[in-house]
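Trainee: The structure that follows is given in the form of structure tokens.
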Number of protein chains: 2
Amino acid sequence: MARTRRSDGGARGRGAGARLAALAALLADETRAAFCLALLDGRAWTTSELARHAGVAASTTSEHLGRLVEGGLLAEERQGRHRYVRLADPEIAHLIEDLAGHAVPAGTGPAEGGPRTLRAASASNALARGRTCYDHLAGRLGIAITEAMTERGLLRQDTGFALTDEGMRWFGEQGMALTGRRTRRPLVRGCLDWTERRPHLAGTAGAVLCRHAFDAGWCVRIGSGRAVKVTPGGERALAELLGIGPEKLR
Amino acid sequence: MARTRRSDGGARGRGAGARLAALAALLADETRAAFCLALLDGRAWTTSELARHAGVAASTTSEHLGRLVEGGLLAEERQGRHRYVRLADPEIAHLIEDLAGHAVPAGTGPAEGGPRTLRAASASNALARGRTCYDHLAGRLGIAITEAMTERGLLRQDTGFALTDEGMRWFGEQGMALTGRRTRRPLVRGCLDWTERRPHLAGTAGAVLCRHAFDAGWCVRIGSGRAVKVTPGGERALAELLGIGPEKLR
DNA sequence: CGCACCGTTCGGCGATCCCCGAACCATCCC
DNA sequence: GGGATGGTTCGGGGATCGCCGAACGGTGCG
């Protein structure tokens, strides 16, 4: 039951606070938060996969997913007896990344907590080396590309975050079309990398570049997670096109 | 008592979900959300002011503020018998703005809900015309400035969001120093305006410009809220410097 | 000093929330 | 058809949360 005694005060429309609270409440549960973080890999998960991942019962998962879908954070797709869910759109993904980036306890660096087991440590290393961040590249790989583009004058980060004219040409020369896209999504945006603490290329251009990197065989996914690995051919291509030395990718 | 049965899964450090949930929980209450939205005006409020604004008891307010401060969202300053609180830093302000921007119910346009009373309608109009968004200018005023700068080649929004070299020079010519600032805050960033649905200038440059606008008498605050009004002198200055016609500010 | 005011702490009430297991429905496969 | 699997619904239990009023400590002012 909604309380009604709220002062409107700001006159920005009654209930702006209530709507903000409702949105935040969707992420204010550990289990739902774990779901959203898992879905940041950009793929669609089934109910039972998420249940196993978070360690809760299937019934619990079902209810949580219902709320997340109704709240607009997730989109669902039914296939046979499976219910696939994924993040509703890149906007949402960026919002969650952003929020998660602020959720690290103050003062703790990248080593934060630290993995407990050997297996976890190696997985953590792989993620730090290269991973996808929803639909673009992050980790040292993403940073290396972003920095190299900046050094080569394709991207400027000193007065904001935008492609230069050369940068636009470069995308075209590589066969990655950026024109003619009519979406509300920004062409370029910076996305703060929580392992590297620096922005990497996101937005439509980041997504196109990521897709191209997979299509051209520059990198491949490791296992079923978000981690990606640069192939030998990818190393050559990145060195040739952007002057990225192999040591930047280790 | 924290539950311990979580699967780590992503190996991104146990408890990433828990931390995200804890952060979101701070905003997941209608009263706390109302506090944060009120504090988006960039000023420091006292406990009792916020209590009156949100329509809750002082004791309730005190407890909420304790949690928000402990969670790092708010900074506090004690002065005599008053406790002043404000948003901890511009990062936090941007995070809340961003989250609030996504909290509008899908499909509802700027008219959303609509003010109930005549007084609320006039206040709402004033806010739509011009307001501060934490420490920079928003509303039609903020958009008009941003668009004018873009048209004049001072800012480019087509391939991201960044000042051009001319833009950097322009700031210097106006006596607004942007160099020599060494903060982790980005020099320029876009901030989505929820009444206009377009980005306006934020970041350090946005804050400097806003401060200059007040110092030079281009605009003044209306009453005690976030709304601002352009002065006659401000109209002349904006027309002269950026070619902004007075109709853009109505 | 004495009064007014701001803010905090504490006890307790009511509501909500999160979880699970059990029962049930739908789908797929043999 | 029959059995296995994925997903949902429902009831209930346990914990947390948000709120208030009352009592209390500090500060400022006449």
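To be explicit about the labels: the chains of the structure tokens are called A, B, and onward in the order shown, and within each one the residues are counted from 1, while ligands get numbers from 1 in the order they are shown.
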Identify all chain A residues at most 8 Å from chain C by counting only C-alpha atoms (C1' of nucleotides); ligands do not count. Present them as an NGL selection string.
Mentor: :A and (57 or 60 or 80-81)
Trainee: Keeping N, CA and C atoms, export the residues of the selection given above as a PDB file, in the first residue's frame.
Mentor:
ATOM      1  N   ALA A  57      16.535 -21.690  -4.778  1.00  0.00           N
ATOM      2  CA  ALA A  57      15.584 -22.628  -5.354  1.00  0.00           C
ATOM      3  C   ALA A  57      14.999 -22.087  -6.645  1.00  0.00           C
ATOM      4  N   THR A  60      12.148 -19.643  -6.121  1.00  0.00           N
ATOM      5  CA  THR A  60      12.619 -18.301  -5.762  1.00  0.00           C
ATOM      6  C   THR A  60      13.077 -17.552  -7.003  1.00  0.00           C
ATOM      7  N   GLY A  80      10.047 -23.222 -26.018  1.00  0.00           N
ATOM      8  CA  GLY A  80       9.712 -24.526 -25.492  1.00  0.00           C
ATOM      9  C   GLY A  80       9.460 -24.449 -24.006  1.00  0.00           C
ATOM     10  N   ARG A  81      10.126 -25.301 -23.279  1.00  0.00           N
ATOM     11  CA  ARG A  81       9.917 -25.254 -21.842  1.00  0.00           C
ATOM     12  C   ARG A  81      10.943 -24.384 -21.147  1.00  0.00           C
TER      13      ARG A  81
END
Trainee: So which residues of range 4-239 of chain B fall under strand (DSSP E or B) by DSSP, listed as number ranges by chain?
Mentor: B: 45-46, 74-79, 82-87, 131-133, 136-138, 155-156, 160-163, 189-192, 199-202, 219-221, 227-230
Trainee: Enumerate as a count of residues only the residues belonging to chain B that approach chain D to within 12 Å, with only C-alpha atoms (C1' of nucleotides) taken into account.
Mentor: 24
Trainee: May I have the residues within 12 Å of Gly142 in chain B as a PyMOL selection string, using only C-alpha atoms (C1' of nucleotides) and disregarding those fewer than 6 positions away in the same chain?
Mentor: chain B and resi 127-133+135-136+148-149+190-202+206-207+209-210+213+219+227-230+238+244+248-249
Trainee: Deliver the residues from the most recent selection as a file, using N, CA and C atoms, as an mmCIF file, in the first residue's frame.
Mentor:
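Result went into result-v3.cif, see below:
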data_model
loop_
_atom_site.group_PDB
_atom_site.id
_atom_site.type_symbol
_atom_site.label_atom_id
_atom_site.label_comp_id
_atom_site.auth_asym_id
_atom_site.auth_seq_id
_atom_site.Cartn_x
_atom_site.Cartn_y
_atom_site.Cartn_z
ATOM 1 N N LEU B 127 10.991 24.911 -13.520
ATOM 2 C CA LEU B 127 12.043 23.894 -13.522
ATOM 3 C C LEU B 127 12.368 23.448 -14.936
ATOM 4 N N ALA B 128 11.335 23.323 -15.760
ATOM 5 C CA ALA B 128 11.571 22.894 -17.131
ATOM 6 C C ALA B 128 12.333 23.972 -17.897
ATOM 7 N N ARG B 129 12.122 25.217 -17.514
ATOM 8 C CA ARG B 129 12.776 26.313 -18.231
ATOM 9 C C ARG B 129 14.266 26.341 -17.914
ATOM 10 N N GLY B 130 14.596 26.228 -16.662
ATOM 11 C CA GLY B 130 16.012 26.247 -16.288
ATOM 12 C C GLY B 130 16.181 25.805 -14.852
ATOM 13 N N ARG B 131 17.186 25.027 -14.605
ATOM 14 C CA ARG B 131 17.453 24.559 -13.242
ATOM 15 C C ARG B 131 18.901 24.126 -13.149
ATOM 16 N N THR B 132 19.328 23.917 -11.922
ATOM 17 C CA THR B 132 20.636 23.307 -11.754
ATOM 18 C C THR B 132 20.453 21.807 -11.608
ATOM 19 N N CYS B 133 21.443 21.098 -12.104
ATOM 20 C CA CYS B 133 21.461 19.652 -11.994
ATOM 21 C C CYS B 133 22.749 19.371 -11.212
ATOM 22 N N ASP B 135 25.620 20.554 -9.985
ATOM 23 C CA ASP B 135 26.456 21.750 -10.070
ATOM 24 C C ASP B 135 26.555 22.312 -11.481
ATOM 25 N N HIS B 136 25.657 21.869 -12.377
ATOM 26 C CA HIS B 136 25.668 22.441 -13.714
ATOM 27 C C HIS B 136 24.239 22.788 -14.130
ATOM 28 N N ALA B 148 23.790 25.247 -28.634
ATOM 29 C CA ALA B 148 24.445 26.393 -29.267
ATOM 30 C C ALA B 148 25.951 26.145 -29.376
ATOM 31 N N MET B 149 26.520 25.579 -28.341
ATOM 32 C CA MET B 149 27.953 25.291 -28.386
ATOM 33 C C MET B 149 28.251 24.265 -29.465
ATOM 34 N N GLY B 190 28.408 14.122 -20.786
ATOM 35 C CA GLY B 190 27.023 14.443 -21.079
ATOM 36 C C GLY B 190 26.142 13.958 -19.954
ATOM 37 N N CYS B 191 25.115 14.707 -19.660
ATOM 38 C CA CYS B 191 24.184 14.328 -18.597
ATOM 39 C C CYS B 191 22.793 14.359 -19.206
ATOM 40 N N LEU B 192 22.114 13.251 -19.145
ATOM 41 C CA LEU B 192 20.811 13.172 -19.800
ATOM 42 C C LEU B 192 19.767 13.990 -19.036
ATOM 43 N N ASP B 193 19.124 14.859 -19.757
ATOM 44 C CA ASP B 193 18.128 15.744 -19.167
ATOM 45 C C ASP B 193 16.766 15.070 -19.248
ATOM 46 N N TRP B 194 16.126 14.883 -18.098
ATOM 47 C CA TRP B 194 14.877 14.103 -18.171
ATOM 48 C C TRP B 194 13.685 14.888 -18.612
ATOM 49 N N THR B 195 13.744 16.217 -18.598
ATOM 50 C CA THR B 195 12.611 16.924 -19.176
ATOM 51 C C THR B 195 12.793 17.074 -20.681
ATOM 52 N N GLU B 196 14.041 17.247 -21.111
ATOM 53 C CA GLU B 196 14.280 17.491 -22.537
ATOM 54 C C GLU B 196 14.692 16.235 -23.307
ATOM 55 N N ARG B 197 15.060 15.203 -22.549
ATOM 56 C CA ARG B 197 15.469 13.948 -23.200
ATOM 57 C C ARG B 197 16.675 14.100 -24.108
ATOM 58 N N ARG B 198 17.503 15.046 -23.797
ATOM 59 C CA ARG B 198 18.729 15.229 -24.563
ATOM 60 C C ARG B 198 19.863 15.507 -23.594
ATOM 61 N N PRO B 199 21.094 15.244 -24.000
ATOM 62 C CA PRO B 199 22.195 15.471 -23.060
ATOM 63 C C PRO B 199 22.575 16.943 -22.977
ATOM 64 N N HIS B 200 22.973 17.351 -21.790
ATOM 65 C CA HIS B 200 23.513 18.696 -21.630
ATOM 66 C C HIS B 200 24.917 18.598 -21.021
ATOM 67 N N LEU B 201 25.607 19.708 -21.064
ATOM 68 C CA LEU B 201 27.013 19.731 -20.656
ATOM 69 C C LEU B 201 27.173 19.559 -19.153
ATOM 70 N N ALA B 202 27.933 18.535 -18.760
ATOM 71 C CA ALA B 202 28.215 18.303 -17.349
ATOM 72 C C ALA B 202 29.716 18.098 -17.182
ATOM 73 N N GLY B 206 31.052 21.779 -17.212
ATOM 74 C CA GLY B 206 29.683 22.172 -16.919
ATOM 75 C C GLY B 206 29.585 22.918 -15.601
ATOM 76 N N ALA B 207 30.344 22.451 -14.617
ATOM 77 C CA ALA B 207 30.317 23.098 -13.312
ATOM 78 C C ALA B 207 30.927 24.485 -13.384
ATOM 79 N N LEU B 209 31.152 26.397 -16.020
ATOM 80 C CA LEU B 209 30.247 27.268 -16.780
ATOM 81 C C LEU B 209 29.083 27.726 -15.905
ATOM 82 N N CYS B 210 28.544 26.817 -15.126
ATOM 83 C CA CYS B 210 27.422 27.150 -14.260
ATOM 84 C C CYS B 210 27.833 28.196 -13.234
ATOM 85 N N ALA B 213 28.133 31.477 -14.830
ATOM 86 C CA ALA B 213 26.829 32.061 -15.156
ATOM 87 C C ALA B 213 26.237 32.779 -13.947
ATOM 88 N N CYS B 219 22.288 34.440 -14.609
ATOM 89 C CA CYS B 219 21.060 33.872 -14.081
ATOM 90 C C CYS B 219 21.084 33.908 -12.550
ATOM 91 N N ALA B 227 15.292 25.729 -9.310
ATOM 92 C CA ALA B 227 14.949 26.513 -10.495
ATOM 93 C C ALA B 227 15.826 27.761 -10.618
ATOM 94 N N VAL B 228 16.203 28.093 -11.849
ATOM 95 C CA VAL B 228 16.961 29.313 -12.090
ATOM 96 C C VAL B 228 16.295 30.122 -13.194
ATOM 97 N N LYS B 229 16.540 31.416 -13.172
ATOM 98 C CA LYS B 229 15.948 32.344 -14.132
ATOM 99 C C LYS B 229 17.068 33.095 -14.822
ATOM 100 N N VAL B 230 16.911 33.295 -16.121
ATOM 101 C CA VAL B 230 17.911 34.061 -16.863
ATOM 102 C C VAL B 230 17.604 35.546 -16.703
ATOM 103 N N LEU B 238 24.148 35.649 -23.523
ATOM 104 C CA LEU B 238 23.997 34.377 -24.220
ATOM 105 C C LEU B 238 23.776 34.590 -25.710
ATOM 106 N N ILE B 244 22.272 32.572 -28.855
ATOM 107 C CA ILE B 244 21.043 31.951 -28.367
ATOM 108 C C ILE B 244 19.926 32.990 -28.359
ATOM 109 N N LYS B 248 14.543 30.580 -27.265
ATOM 110 C CA LYS B 248 15.046 29.274 -26.814
ATOM 111 C C LYS B 248 14.958 29.116 -25.303
ATOM 112 N N LEU B 249 14.762 30.233 -24.633
ATOM 113 C CA LEU B 249 14.815 30.189 -23.167
ATOM 114 C C LEU B 249 13.436 30.287 -22.544
#
Trainee: If the cut-off is 6 Å, can you tell me the residues of chain B near chain A, counting only C-alpha atoms? I'd like them as a PyMOL selection string.
Mentor: chain B and resi 6-7+11+17-21+24-25+27-30+33-34+53-55+100+103+120+124+159-163+187-189
Trainee: Tell me, which residues of range 6-95 of chain B carry DSSP alpha helix (DSSP H), written as a VMD selection string?
Mentor: chain B and resid 16 to 27 30 to 39 47 to 54 58 to 70 90 to 95
Trainee: May I have the residues from that selection written out with C-alpha atoms, as a PDB file, in the first residue's frame?
Mentor:
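The resulting file, again_0.pdb, is shown below:
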ATOM      1  CA  ALA B  16      30.038  -8.423  -5.734  1.00  0.00           C
ATOM      2  CA  GLY B  17      26.329  -9.078  -5.789  1.00  0.00           C
ATOM      3  CA  ALA B  18      26.052  -8.373  -2.090  1.00  0.00           C
ATOM      4  CA  ARG B  19      27.799  -5.057  -2.463  1.00  0.00           C
ATOM      5  CA  LEU B  20      25.672  -4.023  -5.402  1.00  0.00           C
ATOM      6  CA  ALA B  21      22.574  -4.974  -3.451  1.00  0.00           C
ATOM      7  CA  ALA B  22      23.728  -3.008  -0.425  1.00  0.00           C
ATOM      8  CA  LEU B  23      24.279   0.094  -2.520  1.00  0.00           C
ATOM      9  CA  ALA B  24      20.932  -0.227  -4.230  1.00  0.00           C
ATOM     10  CA  ALA B  25      19.217  -0.825  -0.895  1.00  0.00           C
ATOM     11  CA  LEU B  26      20.244   2.637   0.192  1.00  0.00           C
ATOM     12  CA  LEU B  27      18.080   4.088  -2.569  1.00  0.00           C
ATOM     13  CA  GLU B  30      10.957   6.031  -0.835  1.00  0.00           C
ATOM     14  CA  THR B  31      12.024   8.365   1.920  1.00  0.00           C
ATOM     15  CA  ARG B  32      15.732   7.968   1.338  1.00  0.00           C
ATOM     16  CA  ALA B  33      15.177   8.360  -2.396  1.00  0.00           C
ATOM     17  CA  ALA B  34      13.286  11.586  -1.774  1.00  0.00           C
ATOM     18  CA  PHE B  35      16.200  12.830   0.297  1.00  0.00           C
ATOM     19  CA  CYS B  36      18.677  12.122  -2.458  1.00  0.00           C
ATOM     20  CA  LEU B  37      16.540  13.764  -5.100  1.00  0.00           C
ATOM     21  CA  ALA B  38      16.180  16.839  -2.958  1.00  0.00           C
ATOM     22  CA  LEU B  39      19.925  16.932  -2.413  1.00  0.00           C
ATOM     23  CA  THR B  47      17.920  17.080   9.162  1.00  0.00           C
ATOM     24  CA  SER B  48      14.720  18.941   9.913  1.00  0.00           C
ATOM     25  CA  GLU B  49      14.473  20.463   6.455  1.00  0.00           C
ATOM     26  CA  LEU B  50      14.632  17.026   4.919  1.00  0.00           C
ATOM     27  CA  ALA B  51      12.177  15.672   7.463  1.00  0.00           C
ATOM     28  CA  ARG B  52       9.647  18.340   6.565  1.00  0.00           C
ATOM     29  CA  HIS B  53      10.287  17.877   2.869  1.00  0.00           C
ATOM     30  CA  ALA B  54       9.640  14.153   2.984  1.00  0.00           C
ATOM     31  CA  ALA B  58      12.798  13.749  12.751  1.00  0.00           C
ATOM     32  CA  SER B  59      13.806  10.496  14.380  1.00  0.00           C
ATOM     33  CA  THR B  60      13.142   8.606  11.183  1.00  0.00           C
ATOM     34  CA  THR B  61      15.153  11.130   9.227  1.00  0.00           C
ATOM     35  CA  SER B  62      18.055  10.852  11.591  1.00  0.00           C
ATOM     36  CA  GLU B  63      18.268   7.124  11.128  1.00  0.00           C
ATOM     37  CA  HIS B  64      18.035   7.360   7.359  1.00  0.00           C
ATOM     38  CA  LEU B  65      20.751   9.961   7.171  1.00  0.00           C
ATOM     39  CA  GLY B  66      22.979   7.803   9.303  1.00  0.00           C
ATOM     40  CA  ARG B  67      22.656   4.985   6.823  1.00  0.00           C
ATOM     41  CA  LEU B  68      23.199   7.172   3.783  1.00  0.00           C
ATOM     42  CA  VAL B  69      26.318   8.725   5.280  1.00  0.00           C
ATOM     43  CA  GLU B  70      27.701   5.388   6.330  1.00  0.00           C
ATOM     44  CA  PRO B  90      29.725  14.774  -8.206  1.00  0.00           C
ATOM     45  CA  GLU B  91      30.138  11.093  -9.075  1.00  0.00           C
ATOM     46  CA  ILE B  92      27.352  10.215  -6.682  1.00  0.00           C
ATOM     47  CA  ALA B  93      25.179  13.007  -7.989  1.00  0.00           C
ATOM     48  CA  HIS B  94      25.604  11.740 -11.506  1.00  0.00           C
ATOM     49  CA  LEU B  95      24.800   8.214 -10.439  1.00  0.00           C
TER      50      LEU B  95
END
Trainee: How many Å lie between CA of Gly42 in chain B and CA of Gly245 in chain B, rounded to one decimal?
Mentor: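 The value is 28.3 Å.
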Trainee: Measure the distance from CA of Arg250 in chain A to CA of Arg140 in chain A in Å and round it to one decimal.
Mentor: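 CA of Arg250 in chain A sits 7.9 Å away from CA of Arg140 in chain A.
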Trainee: What's around Leu242 in chain A at 10 Å? Count only C-alpha atoms (C1' of nucleotides), leave out sequence neighbours fewer than 2 positions away in its own chain, and write the answer as a ChimeraX atom specification.
Mentor: /A:144-152,154,236-240,244-245
Trainee: Could you tell me how far CA of Phe171 in chain A lies from CA of Thr183 in chain A, in Å and to one decimal?
Mentor: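 Going from CA of Phe171 in chain A over to CA of Thr183 in chain A, I get 18.1 Å.
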